[in-house]
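Engineer: Got run_26.csv for you, CSV, C-alpha atoms:
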chain,number,residue,atom,x,y,z
Q,54,MET,CA,-6.5,-11.2,-19.8
Q,55,THR,CA,-8.3,-14.0,-17.9
Q,56,SER,CA,-11.9,-15.2,-17.9
Q,57,SER,CA,-14.0,-17.2,-15.5
Q,58,ALA,CA,-12.8,-20.4,-17.3
Q,59,THR,CA,-9.1,-19.6,-16.4
Q,60,PRO,CA,-7.6,-21.9,-13.7
Q,61,LYS,CA,-7.0,-20.1,-10.4
Q,62,ALA,CA,-3.2,-21.0,-10.5
Q,63,VAL,CA,-3.0,-19.3,-13.9
Q,64,SER,CA,-4.9,-16.1,-13.0
Q,65,ARG,CA,-3.0,-15.8,-9.8
Q,66,LEU,CA,0.3,-15.8,-11.7
Q,67,VAL,CA,-1.1,-13.4,-14.3
Q,68,GLU,CA,-2.0,-11.1,-11.5
Q,69,ALA,CA,1.4,-11.4,-9.8
Q,70,PHE,CA,3.2,-10.6,-13.1
Q,71,SER,CA,0.9,-7.6,-13.7
Q,72,ARG,CA,2.1,-6.0,-10.5
Q,73,LEU,CA,5.6,-5.6,-12.0
Q,74,PRO,CA,6.4,-2.3,-13.5
Q,75,GLY,CA,6.0,-2.2,-17.3
Q,76,ILE,CA,4.1,-5.5,-17.5
Q,77,GLY,CA,0.5,-5.1,-18.5
Q,78,PRO,CA,-2.2,-7.8,-18.4
Q,79,LYS,CA,-1.4,-9.0,-21.9
Q,80,THR,CA,2.3,-9.5,-21.3
Q,81,ALA,CA,1.4,-11.1,-18.0
Q,82,SER,CA,-0.8,-13.7,-19.7
Q,83,ARG,CA,1.8,-14.2,-22.4
Q,84,LEU,CA,4.5,-14.9,-19.8
Q,85,THR,CA,2.2,-17.2,-17.8
Q,86,TYR,CA,1.2,-19.3,-20.8
Q,87,TYR,CA,4.8,-19.4,-22.0
Q,88,LEU,CA,5.8,-20.9,-18.6
Q,89,LEU,CA,2.9,-23.4,-18.9
Q,90,ARG,CA,4.2,-24.5,-22.3
Q,91,SER,CA,7.9,-24.5,-21.5
Q,92,GLY,CA,7.5,-26.9,-18.6
Q,93,GLN,CA,7.8,-27.0,-14.9
Q,94,GLU,CA,11.6,-26.4,-14.7
Q,95,ASP,CA,11.6,-22.7,-15.9
Q,96,ALA,CA,8.8,-21.8,-13.5
Q,97,ARG,CA,10.5,-23.5,-10.6
Q,98,ILE,CA,13.9,-21.8,-11.3
Q,99,LEU,CA,12.2,-18.3,-11.5
Q,100,GLY,CA,10.0,-19.1,-8.5
Q,101,GLU,CA,12.9,-20.2,-6.2
Q,102,ALA,CA,15.0,-17.3,-7.3
Q,103,LEU,CA,12.2,-14.9,-6.3
Q,104,LEU,CA,11.8,-16.5,-2.9
Q,105,ASP,CA,15.6,-16.4,-2.3
Q,106,LEU,CA,15.9,-12.8,-3.3
Q,107,HIS,CA,15.3,-11.2,0.0
Q,108,LEU,CA,16.7,-14.0,2.1
Q,109,ASN,CA,20.2,-13.9,0.5
Q,110,THR,CA,20.8,-10.2,0.2
Q,111,VAL,CA,21.7,-7.5,2.7
Q,112,LEU,CA,22.4,-3.8,2.6
Q,113,CYS,CA,26.1,-3.0,2.8
Q,114,SER,CA,26.5,-1.0,6.1
Q,115,VAL,CA,29.1,1.2,4.4
Q,116,CYS,CA,27.7,2.2,1.0
Q,117,CYS,CA,24.0,1.0,1.4
Q,118,ASN,CA,24.2,-1.0,-1.8
Q,119,ILE,CA,22.4,-4.3,-2.0
Q,120,SER,CA,24.9,-7.0,-1.5
Q,121,GLU,CA,25.5,-10.6,-0.7
Q,122,GLU,CA,27.8,-9.8,2.2
Q,123,ASP,CA,28.5,-6.9,4.5
Q,124,PRO,CA,30.6,-5.0,3.6
Q,125,CYS,CA,29.9,-5.4,-0.2
Q,126,ALA,CA,32.5,-6.5,-2.7
Q,127,VAL,CA,33.3,-2.9,-3.8
Q,128,CYS,CA,33.7,-1.6,-0.2
Q,129,ALA,CA,35.8,-4.6,0.7
Q,130,ASP,CA,38.1,-4.4,-2.3
Q,131,PRO,CA,41.5,-2.9,-1.2
Q,132,ALA,CA,42.3,-2.1,-4.9
Q,133,ARG,CA,39.6,0.6,-5.2
Q,134,ASP,CA,40.3,4.3,-4.7
Q,135,ARG,CA,39.0,5.5,-1.3
Q,136,THR,CA,39.3,9.2,-2.1
Q,137,THR,CA,36.2,9.4,-4.3
Q,138,ILE,CA,32.6,8.5,-3.5
Q,139,CYS,CA,30.0,8.4,-6.3
Q,140,VAL,CA,26.5,9.0,-4.9
Q,141,VAL,CA,23.6,7.3,-6.9
Q,142,GLU,CA,19.9,7.0,-6.4
Q,143,GLN,CA,19.5,3.2,-7.0
Q,144,PRO,CA,21.6,0.0,-6.9
Q,145,LEU,CA,21.1,-0.3,-10.7
Q,146,ASP,CA,22.9,3.0,-11.2
Q,147,VAL,CA,26.0,1.4,-9.5
Q,148,LEU,CA,25.9,-1.3,-12.2
Q,149,ALA,CA,25.5,1.2,-15.0
Q,150,ILE,CA,28.6,3.1,-13.8
Q,151,GLU,CA,30.6,-0.1,-13.2
Q,152,ASN,CA,29.8,-1.2,-16.7
Q,153,THR,CA,31.5,1.9,-18.1
Q,154,GLY,CA,34.8,0.5,-16.7
Q,155,ARG,CA,35.9,4.1,-16.0
Q,156,TYR,CA,35.3,4.4,-12.3
Q,157,LYS,CA,37.4,2.8,-9.6
Q,158,GLY,CA,36.2,4.7,-6.5
Q,159,GLN,CA,33.6,4.0,-3.9
Q,160,TYR,CA,29.8,4.3,-4.1
Q,161,HIS,CA,27.0,5.4,-1.9
Q,162,VAL,CA,23.4,4.4,-2.7
Q,163,LEU,CA,20.6,6.8,-1.5
Q,164,HIS,CA,17.8,4.4,-2.4
Q,165,GLY,CA,15.7,7.2,-3.9
Q,166,HIS,CA,15.6,10.9,-4.4
Q,167,ILE,CA,14.0,13.9,-2.5
Q,168,SER,CA,10.4,14.1,-3.7
Q,169,PRO,CA,7.9,16.2,-1.7
Q,170,MET,CA,5.1,14.7,-4.0
Q,171,GLU,CA,6.0,11.2,-2.9
Q,172,ARG,CA,6.7,12.4,0.7
Q,173,ILE,CA,10.3,11.4,0.5
Q,174,GLY,CA,12.6,13.7,2.4
Q,175,PRO,CA,16.3,13.5,3.3
Q,176,ASP,CA,15.4,11.3,6.3
Q,177,GLU,CA,13.9,8.6,4.1
Q,178,LEU,CA,17.2,8.4,2.2
Q,179,HIS,CA,20.6,7.1,3.3
Q,180,MET,CA,22.2,10.5,3.6
Q,181,ARG,CA,23.3,10.4,7.2
Q,182,GLU,CA,25.4,7.3,6.4
Q,183,LEU,CA,27.1,9.3,3.6
Q,184,VAL,CA,28.0,12.3,5.8
Q,185,GLN,CA,29.4,9.8,8.3
Q,186,ARG,CA,31.7,8.4,5.6
Q,187,VAL,CA,33.3,11.7,4.8
Q,188,GLY,CA,36.5,11.4,6.7
Q,189,ARG,CA,40.0,12.6,6.0
Q,190,GLU,CA,40.5,10.2,3.1
Q,191,VAL,CA,37.6,11.4,0.9
Q,192,VAL,CA,38.6,14.2,-1.5
Q,193,GLU,CA,35.6,14.3,-4.0
Q,194,ILE,CA,32.0,13.3,-3.9
Q,195,ILE,CA,30.5,12.8,-7.4
Q,196,VAL,CA,26.7,13.3,-7.2
Q,197,ALA,CA,25.4,11.0,-9.9
Q,198,THR,CA,21.7,11.4,-9.2
Q,199,ASN,CA,19.4,11.4,-12.2
Q,200,PRO,CA,19.2,14.5,-14.5
Q,201,THR,CA,15.6,15.1,-13.4
Q,202,LEU,CA,13.9,17.6,-11.1
Q,203,GLU,CA,14.1,15.3,-8.2
Q,204,GLY,CA,17.7,14.3,-8.9
Q,205,ASP,CA,18.6,17.9,-9.2
Q,206,ALA,CA,16.9,18.7,-5.9
Q,207,THR,CA,18.7,15.8,-4.2
Q,208,ALA,CA,22.0,16.9,-5.6
Q,209,MET,CA,21.4,20.5,-4.4
Q,210,TYR,CA,20.5,19.3,-0.9
Q,211,LEU,CA,23.5,17.0,-0.7
Q,212,SER,CA,25.9,19.8,-1.9
Q,213,ARG,CA,24.6,22.0,1.0
Q,214,LEU,CA,24.7,19.2,3.5
Q,215,LEU,CA,28.3,18.4,2.6
Q,216,GLU,CA,29.5,22.1,2.4
Q,217,PRO,CA,30.8,22.1,6.1
Q,218,THR,CA,33.0,19.1,5.4
Q,219,GLY,CA,35.0,21.0,2.8
Q,220,VAL,CA,35.0,18.0,0.4
Q,221,ALA,CA,34.7,18.8,-3.4
Q,222,VAL,CA,31.2,18.0,-4.6
Q,223,THR,CA,30.8,17.4,-8.4
Q,224,ARG,CA,27.9,16.5,-10.6
Q,225,LEU,CA,27.8,14.4,-13.9
Q,226,ALA,CA,28.0,16.4,-17.1
Q,227,LEU,CA,24.8,17.2,-19.0
Q,228,GLY,CA,24.7,17.3,-22.8
Q,229,LEU,CA,23.9,15.4,-26.0
Q,230,PRO,CA,24.0,11.6,-25.6
Q,231,ARG,CA,26.7,10.0,-27.8
Q,232,GLY,CA,25.2,8.7,-31.0
Q,233,GLY,CA,22.1,10.9,-30.6
Q,234,ASP,CA,20.9,13.2,-33.4
Q,235,LEU,CA,21.1,17.0,-32.7
Q,236,GLU,CA,17.9,17.4,-34.8
Q,237,TYR,CA,16.0,15.2,-32.4
Q,238,ALA,CA,17.5,16.4,-29.1
Q,239,ASP,CA,15.0,18.1,-26.8
Q,240,ARG,CA,15.2,21.8,-26.2
Q,241,VAL,CA,16.4,21.4,-22.6
Q,242,THR,CA,19.1,18.9,-23.4
Q,243,LEU,CA,20.4,21.1,-26.3
Q,244,ALA,CA,20.4,24.2,-24.0
Q,245,GLU,CA,22.4,22.2,-21.4
Q,246,ALA,CA,24.8,21.0,-24.1
Q,247,LEU,CA,25.3,24.6,-25.3
Q,248,ALA,CA,25.8,25.9,-21.8
Q,249,GLY,CA,28.3,23.1,-21.0
Q,250,ARG,CA,30.3,23.5,-24.2
Q,251,ARG,CA,34.0,22.8,-23.9
Q,252,LYS,CA,37.0,24.1,-25.8
Q,253,MET,CA,38.3,21.5,-28.2
Q,254,ASP,CA,41.9,20.4,-27.8
K,1288,MET,CA,23.2,-6.2,-16.6
K,1289,THR,CA,25.1,-7.7,-13.7
K,1290,SER,CA,28.8,-7.3,-12.6
K,1291,SER,CA,31.1,-9.3,-10.3
K,1292,ALA,CA,29.9,-7.1,-7.4
K,1293,THR,CA,26.2,-8.2,-7.9
K,1294,PRO,CA,24.9,-10.6,-5.2
K,1295,LYS,CA,24.3,-14.1,-6.4
K,1296,ALA,CA,20.6,-14.0,-5.4
K,1297,VAL,CA,20.2,-10.9,-7.6
K,1298,SER,CA,22.0,-12.2,-10.7
K,1299,ARG,CA,20.2,-15.5,-10.4
K,1300,LEU,CA,16.9,-13.8,-10.5
K,1301,VAL,CA,18.0,-11.5,-13.4
K,1302,GLU,CA,19.0,-14.6,-15.3
K,1303,ALA,CA,15.7,-16.4,-14.6
K,1304,PHE,CA,13.8,-13.3,-15.7
K,1305,SER,CA,15.9,-13.0,-18.9
K,1306,ARG,CA,14.8,-16.5,-19.9
K,1307,LEU,CA,11.3,-15.3,-20.4
K,1308,PRO,CA,10.3,-14.2,-23.9
K,1309,GLY,CA,10.5,-10.5,-24.6
K,1310,ILE,CA,12.5,-9.8,-21.4
K,1311,GLY,CA,16.0,-8.7,-22.1
K,1312,PRO,CA,18.8,-8.3,-19.6
K,1313,LYS,CA,18.0,-4.7,-18.9
K,1314,THR,CA,14.3,-5.3,-18.2
K,1315,ALA,CA,15.3,-8.4,-16.1
K,1316,SER,CA,17.5,-6.2,-13.9
K,1317,ARG,CA,14.9,-3.5,-13.6
K,1318,LEU,CA,12.3,-6.1,-12.5
K,1319,THR,CA,14.7,-7.6,-10.0
K,1320,TYR,CA,15.7,-4.3,-8.4
K,1321,TYR,CA,12.1,-3.3,-8.4
K,1322,LEU,CA,11.3,-6.4,-6.3
K,1323,LEU,CA,14.3,-5.6,-4.0
K,1324,ARG,CA,12.9,-2.2,-3.4
K,1325,SER,CA,9.2,-3.1,-3.2
K,1326,GLY,CA,9.8,-5.5,-0.3
K,1327,GLN,CA,9.6,-9.2,0.3
K,1328,GLU,CA,5.8,-9.6,-0.1
K,1329,ASP,CA,5.7,-8.9,-3.9
K,1330,ALA,CA,8.5,-11.3,-4.6
K,1331,ARG,CA,7.0,-14.0,-2.3
K,1332,ILE,CA,3.6,-13.7,-4.0
K,1333,LEU,CA,5.1,-14.0,-7.5
K,1334,GLY,CA,7.4,-16.8,-6.4
K,1335,GLU,CA,4.7,-18.9,-4.9
K,1336,ALA,CA,2.4,-18.4,-7.9
K,1337,LEU,CA,5.2,-19.7,-10.1
K,1338,LEU,CA,5.8,-22.8,-8.0
K,1339,ASP,CA,2.1,-23.5,-7.9
K,1340,LEU,CA,1.5,-23.0,-11.6
K,1341,HIS,CA,2.2,-26.6,-12.8
K,1342,LEU,CA,1.0,-28.2,-9.5
K,1343,ASN,CA,-2.5,-26.8,-9.8
K,1344,THR,CA,-3.3,-27.1,-13.5
K,1345,VAL,CA,-4.2,-30.0,-15.7
K,1346,LEU,CA,-5.0,-30.5,-19.4
K,1347,CYS,CA,-8.7,-31.0,-19.9
K,1348,SER,CA,-9.1,-34.5,-21.3
K,1349,VAL,CA,-11.9,-33.3,-23.7
K,1350,CYS,CA,-10.6,-30.0,-25.2
K,1351,CYS,CA,-6.9,-30.2,-24.2
K,1352,ASN,CA,-7.1,-26.6,-22.7
K,1353,ILE,CA,-5.2,-25.8,-19.5
K,1354,SER,CA,-7.6,-26.1,-16.7
K,1355,GLU,CA,-8.0,-26.3,-12.9
K,1356,GLU,CA,-10.3,-29.4,-13.2
K,1357,ASP,CA,-10.9,-32.1,-15.7
K,1358,PRO,CA,-13.1,-31.6,-17.6
K,1359,CYS,CA,-12.6,-27.8,-17.8
K,1360,ALA,CA,-15.2,-25.2,-17.0
K,1361,VAL,CA,-16.2,-24.7,-20.7
K,1362,CYS,CA,-16.5,-28.5,-21.5
K,1363,ALA,CA,-18.5,-29.0,-18.2
K,1364,ASP,CA,-20.9,-26.1,-18.8
K,1365,PRO,CA,-24.3,-27.5,-19.9
K,1366,ALA,CA,-25.3,-24.1,-21.3
K,1367,ARG,CA,-22.7,-24.1,-24.1
K,1368,ASP,CA,-23.5,-25.1,-27.6
K,1369,ARG,CA,-22.2,-28.6,-28.3
K,1370,THR,CA,-22.6,-28.5,-32.1
K,1371,THR,CA,-19.6,-26.3,-32.8
K,1372,ILE,CA,-15.9,-26.7,-31.9
K,1373,CYS,CA,-13.5,-23.9,-32.4
K,1374,VAL,CA,-9.9,-25.2,-32.9
K,1375,VAL,CA,-7.1,-22.9,-31.7
K,1376,GLU,CA,-3.3,-23.2,-31.4
K,1377,GLN,CA,-2.9,-22.0,-27.8
K,1378,PRO,CA,-4.8,-21.7,-24.6
K,1379,LEU,CA,-4.4,-17.9,-24.8
K,1380,ASP,CA,-6.4,-18.0,-28.1
K,1381,VAL,CA,-9.3,-19.4,-26.1
K,1382,LEU,CA,-9.2,-16.4,-23.9
K,1383,ALA,CA,-9.1,-14.0,-26.8
K,1384,ILE,CA,-12.2,-15.6,-28.4
K,1385,GLU,CA,-14.0,-15.8,-25.0
K,1386,ASN,CA,-13.3,-12.1,-24.6
K,1387,THR,CA,-15.2,-11.3,-27.8
K,1388,GLY,CA,-18.3,-12.6,-26.0
K,1389,ARG,CA,-19.6,-13.8,-29.4
K,1390,TYR,CA,-18.9,-17.5,-29.2
K,1391,LYS,CA,-20.8,-20.0,-27.1
K,1392,GLY,CA,-19.5,-23.3,-28.5
K,1393,GLN,CA,-16.8,-25.7,-27.5
K,1394,TYR,CA,-13.0,-25.4,-28.0
K,1395,HIS,CA,-10.2,-27.6,-28.9
K,1396,VAL,CA,-6.6,-26.6,-28.2
K,1397,LEU,CA,-3.9,-28.1,-30.4
K,1398,HIS,CA,-1.0,-26.7,-28.4
K,1399,GLY,CA,0.9,-25.6,-31.5
K,1400,HIS,CA,0.9,-25.7,-35.3
K,1401,ILE,CA,2.4,-27.9,-37.9
K,1402,SER,CA,5.9,-26.7,-38.6
K,1403,PRO,CA,8.4,-28.9,-40.4
K,1404,MET,CA,11.1,-26.3,-39.5
K,1405,GLU,CA,10.5,-26.9,-35.7
K,1406,ARG,CA,9.9,-30.6,-36.4
K,1407,ILE,CA,6.3,-30.3,-35.2
K,1408,GLY,CA,4.0,-32.7,-37.1
K,1409,PRO,CA,0.4,-33.7,-36.6
K,1410,ASP,CA,1.5,-36.3,-34.0
K,1411,GLU,CA,2.9,-33.6,-31.7
K,1412,LEU,CA,-0.4,-31.8,-31.7
K,1413,HIS,CA,-3.7,-32.8,-30.0
K,1414,MET,CA,-5.4,-33.7,-33.3
K,1415,ARG,CA,-6.3,-37.3,-32.5
K,1416,GLU,CA,-8.4,-36.1,-29.6
K,1417,LEU,CA,-10.2,-33.7,-31.9
K,1418,VAL,CA,-11.1,-36.4,-34.4
K,1419,GLN,CA,-12.4,-38.5,-31.6
K,1420,ARG,CA,-14.7,-35.7,-30.5
K,1421,VAL,CA,-16.5,-35.4,-33.8
K,1422,GLY,CA,-19.6,-37.4,-33.1
K,1423,ARG,CA,-23.2,-37.0,-34.2
K,1424,GLU,CA,-23.7,-33.8,-32.2
K,1425,VAL,CA,-20.9,-31.7,-33.9
K,1426,VAL,CA,-22.1,-29.8,-37.0
K,1427,GLU,CA,-19.2,-27.3,-37.6
K,1428,ILE,CA,-15.6,-27.1,-36.8
K,1429,ILE,CA,-14.2,-23.5,-36.9
K,1430,VAL,CA,-10.5,-23.6,-37.5
K,1431,ALA,CA,-9.1,-20.6,-35.7
K,1432,THR,CA,-5.4,-21.2,-36.2
K,1433,ASN,CA,-3.3,-18.1,-36.7
K,1434,PRO,CA,-3.3,-16.4,-40.1
K,1435,THR,CA,0.3,-17.5,-40.7
K,1436,LEU,CA,2.0,-20.0,-43.0
K,1437,GLU,CA,2.0,-22.6,-40.2
K,1438,GLY,CA,-1.5,-21.8,-39.1
K,1439,ASP,CA,-2.7,-22.2,-42.7
K,1440,ALA,CA,-0.8,-25.5,-43.1
K,1441,THR,CA,-2.4,-26.7,-39.9
K,1442,ALA,CA,-5.9,-25.6,-41.1
K,1443,MET,CA,-5.4,-27.3,-44.4
K,1444,TYR,CA,-4.2,-30.6,-42.8
K,1445,LEU,CA,-7.2,-30.5,-40.3
K,1446,SER,CA,-9.7,-29.9,-43.1
K,1447,ARG,CA,-8.4,-33.0,-45.0
K,1448,LEU,CA,-8.3,-35.0,-41.8
K,1449,LEU,CA,-11.9,-34.2,-41.0
K,1450,GLU,CA,-13.2,-34.6,-44.6
K,1451,PRO,CA,-14.3,-38.3,-44.0
K,1452,THR,CA,-16.4,-37.2,-41.0
K,1453,GLY,CA,-18.6,-35.0,-43.2
K,1454,VAL,CA,-18.6,-32.2,-40.6
K,1455,ALA,CA,-18.5,-28.6,-42.0
K,1456,VAL,CA,-15.0,-27.1,-41.6
K,1457,THR,CA,-14.7,-23.3,-41.6
K,1458,ARG,CA,-11.9,-20.8,-41.1
K,1459,LEU,CA,-11.9,-17.3,-39.6
K,1460,ALA,CA,-12.3,-14.4,-42.1
K,1461,LEU,CA,-9.2,-12.5,-43.3
K,1462,GLY,CA,-9.3,-8.8,-44.0
K,1463,LEU,CA,-8.5,-5.4,-42.6
K,1464,PRO,CA,-8.4,-5.1,-38.8
K,1465,ARG,CA,-11.1,-2.8,-37.4
K,1466,GLY,CA,-9.7,0.6,-36.6
K,1467,GLY,CA,-6.8,0.0,-39.0
K,1468,ASP,CA,-5.8,2.4,-41.7
K,1469,LEU,CA,-6.1,1.2,-45.3
K,1470,GLU,CA,-3.0,3.2,-46.2
K,1471,TYR,CA,-0.9,1.3,-43.7
K,1472,ALA,CA,-2.3,-2.2,-44.4
K,1473,ASP,CA,0.3,-4.6,-45.8
K,1474,ARG,CA,-0.1,-5.8,-49.3
K,1475,VAL,CA,-1.1,-9.3,-48.4
K,1476,THR,CA,-3.8,-8.2,-45.9
K,1477,LEU,CA,-5.2,-5.8,-48.5
K,1478,ALA,CA,-5.3,-8.5,-51.1
K,1479,GLU,CA,-7.1,-10.8,-48.7
K,1480,ALA,CA,-9.6,-8.0,-47.8
K,1481,LEU,CA,-10.3,-7.5,-51.5
K,1482,ALA,CA,-10.7,-11.2,-52.3
K,1483,GLY,CA,-13.0,-11.6,-49.3
K,1484,ARG,CA,-15.2,-8.6,-50.0
K,1485,ARG,CA,-18.8,-8.9,-49.1
K,1486,LYS,CA,-22.0,-7.4,-50.5
K,1487,MET,CA,-23.3,-4.6,-48.2
K,1488,ASP,CA,-26.7,-5.0,-46.9
Let me see whether you can do it: turn the structure in this file into structure tokens.
Structural biologist:
Amino acid sequence: MTSSATPKAVSRLVEAFSRLPGIGPKTASRLTYYLLRSGQEDARILGEALLDLHLNTVLCSVCCNISEEDPCAVCADPARDRTTICVVEQPLDVLAIENTGRYKGQYHVLHGHISPMERIGPDELHMRELVQRVGREVVEIIVATNPTLEGDATAMYLSRLLEPTGVAVTRLALGLPRGGDLEYADRVTLAEALAGRRKMD
Amino acid sequence: MTSSATPKAVSRLVEAFSRLPGIGPKTASRLTYYLLRSGQEDARILGEALLDLHLNTVLCSVCCNISEEDPCAVCADPARDRTTICVVEQPLDVLAIENTGRYKGQYHVLHGHISPMERIGPDELHMRELVQRVGREVVEIIVATNPTLEGDATAMYLSRLLEPTGVAVTRLALGLPRGGDLEYADRVTLAEALAGRRKMD
């Protein structure tokens, strides 16, 4: 939301904010005017952090995650289990799994999923690096791509790609989300939960 | 959402985004990783726009709106009606009224509202500048502060402050929002709409 009376510095920032996903023109103006009100310090901190972002990050040459150093903290940590690699689509997925506190193995970040619509094939993803990592040590590869069409296609492709290596390839369980309401679960999720039912102990 | 394995440049930007209103830690990470993916250009444009924001804006010395030049485009425009001043709380309110296309007068931006809770009194707002503007030309002052307790208190204060000048002080109409559903209107709004009912022509 800008008009001809809007200063250029303001409409430029509104525009730049609007390019971010999930931020429409109204939110973009609200953020911009918030920063105008809150003083120069907040805008400076955010601005400098943005300019630093790409300068101070690299891709880990082992797991392809975004990192400060190469290899990344997870790959360099001798305490982590080297027999398991969890394959995810995005760096944020690594954070989500780390936050469960239940996984102590390695990661591999594909940076996307197979999507013919978006013209993303296996060559656009970091799959070759994954195959190269599968040595004698690795026993299991957990494919934790998203439970979507593209995630499934990627998982399927990976499982075939890894078949010759003999490593066990697993996939995250599908089912009802904890705390969810059966009544409100969608048909597909409920069908998956039924198909994946497990004996109670 | 960051962990010890997160690069500092990433967690710094996540933190800086989280300081913005309405952006929680999850959205902040999503934006940050989006910018990591989308390449250096987007981050640079946004970063530079942020650093420029305060450097290339001033307060208009007439209406106190945020502007590129002093006086601002509205105050400098000879085509605009100088008999009416619309008083608003924030610069974004000017944009909202400009976007109606129904107002051709002047503005005055208070940069806030009277709020004893937040220790904002008349002296913290640009009220003195408003009183100084009320000369022979000005016929009406439209108080367009928000329809909230604080906006009402500010309007009340302004109306008393301007009483000696003899200028007409008006306030925006209260009532049902266009397109709204009477059934879902809150009690207070409905009461205001009733009290403000107008004869149909």
Engineer: What is the distance, in Å and to one decimal place, between CA of Arg1474 (chain K) and CA of Lys79 (chain Q)?
Structural biologist: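 Separating CA of Arg1474 (chain K) from CA of Lys79 (chain Q) is a distance of 27.6 Å.
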Engineer: Quote the spacing between CA of Arg172 (chain Q) and CA of Thr1314 (chain K) in Å to one decimal place.
Structural biologist: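 Distance reported for this atom pair: 27.0 Å.
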Engineer: When all Cα positions are paired in order and chain K is fitted onto chain Q, what RMSD is left, to one decimal?
Structural biologist: 0.1 Å
Engineer: Let me make sure I understand: among Q:Val147, Q:Cys139, Q:Leu88, Q:Ala81, which one has the smallest atom-to-atom distance to Ala1303 (chain K) if we use only C-alpha atoms?
Structural biologist: Q:Leu88
Engineer: Using only C-alpha atoms for the distances, tell me which of Q:Glu142, Q:Glu193, Q:Asp134, Q:Glu182 is nearest to chain K.
Structural biologist: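 Answer, going by the shortest atom-to-atom distance: Q:Glu142.
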Engineer: When distances are computed from all atoms listed in the file, which of K:Asp1488, K:Glu1335, K:Glu1479, K:Glu1405 shows the smallest separation from chain Q?
Structural biologist: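 Closest to chain Q, using all atoms listed in the file: K:Glu1335.
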Engineer: Provide the CA of Gly1326 (chain K) to CA of Arg186 (chain Q) distance in Å, to one decimal place.
Structural biologist: 26.6 Å
Engineer: Identify all chain Q residues at most 7 Å from chain K by counting all atoms listed in the file; ligands do not count. Present them as a PyMOL selection string.
Structural biologist: chain Q and resi 55-56+58-63+65-66+69-70+73+84+89+93+96-107+109-110+120-121+126-127+148
Engineer: Smallest atom-to-atom distance to Tyr1394 (chain K): which of K:Arg1465, K:Arg1447, K:Arg1484, K:Arg1367, using only C-alpha atoms?
Structural biologist: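 Looking at the shortest contact to Tyr1394 (chain K), the residue is K:Arg1367.
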Engineer: Since the input has fewer atoms than a full residue there, write region 238-250 of chain Q out with N, CA and C atoms, as a JSON list (two decimals), keeping the file's coordinate frame.
Structural biologist:
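part-v5.json, freshly written:
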[["chain", "number", "residue", "atom", "x", "y", "z"],
["Q", 238, "ALA", "N", 17.26, 16.13, -30.54],
["Q", 238, "ALA", "CA", 17.50, 16.40, -29.10],
["Q", 238, "ALA", "C", 16.42, 17.35, -28.61],
["Q", 239, "ASP", "N", 15.97, 17.14, -27.37],
["Q", 239, "ASP", "CA", 15.00, 18.10, -26.80],
["Q", 239, "ASP", "C", 15.60, 19.38, -26.49],
["Q", 240, "ARG", "N", 14.77, 20.41, -26.37],
["Q", 240, "ARG", "CA", 15.20, 21.80, -26.20],
["Q", 240, "ARG", "C", 16.11, 21.92, -24.96],
["Q", 241, "VAL", "N", 15.67, 21.28, -23.88],
["Q", 241, "VAL", "CA", 16.40, 21.40, -22.60],
["Q", 241, "VAL", "C", 17.79, 20.82, -22.72],
["Q", 242, "THR", "N", 17.85, 19.60, -23.28],
["Q", 242, "THR", "CA", 19.10, 18.90, -23.40],
["Q", 242, "THR", "C", 20.07, 19.77, -24.29],
["Q", 243, "LEU", "N", 19.54, 20.32, -25.38],
["Q", 243, "LEU", "CA", 20.40, 21.10, -26.30],
["Q", 243, "LEU", "C", 20.87, 22.37, -25.58],
["Q", 244, "ALA", "N", 19.99, 22.98, -24.78],
["Q", 244, "ALA", "CA", 20.40, 24.20, -24.00],
["Q", 244, "ALA", "C", 21.52, 23.81, -23.04],
["Q", 245, "GLU", "N", 21.39, 22.64, -22.38],
["Q", 245, "GLU", "CA", 22.40, 22.20, -21.40],
["Q", 245, "GLU", "C", 23.73, 21.95, -22.18],
["Q", 246, "ALA", "N", 23.63, 21.36, -23.37],
["Q", 246, "ALA", "CA", 24.80, 21.00, -24.10],
["Q", 246, "ALA", "C", 25.54, 22.33, -24.55],
["Q", 247, "LEU", "N", 24.75, 23.35, -24.91],
["Q", 247, "LEU", "CA", 25.30, 24.60, -25.30],
["Q", 247, "LEU", "C", 26.00, 25.28, -24.07],
["Q", 248, "ALA", "N", 25.27, 25.30, -22.96],
["Q", 248, "ALA", "CA", 25.80, 25.90, -21.80],
["Q", 248, "ALA", "C", 27.06, 25.23, -21.27],
["Q", 249, "GLY", "N", 27.14, 23.92, -21.51],
["Q", 249, "GLY", "CA", 28.30, 23.10, -21.00],
["Q", 249, "GLY", "C", 29.36, 22.95, -22.03],
["Q", 250, "ARG", "N", 29.33, 23.72, -23.13],
["Q", 250, "ARG", "CA", 30.30, 23.50, -24.20],
["Q", 250, "ARG", "C", 31.73, 23.64, -23.74]]
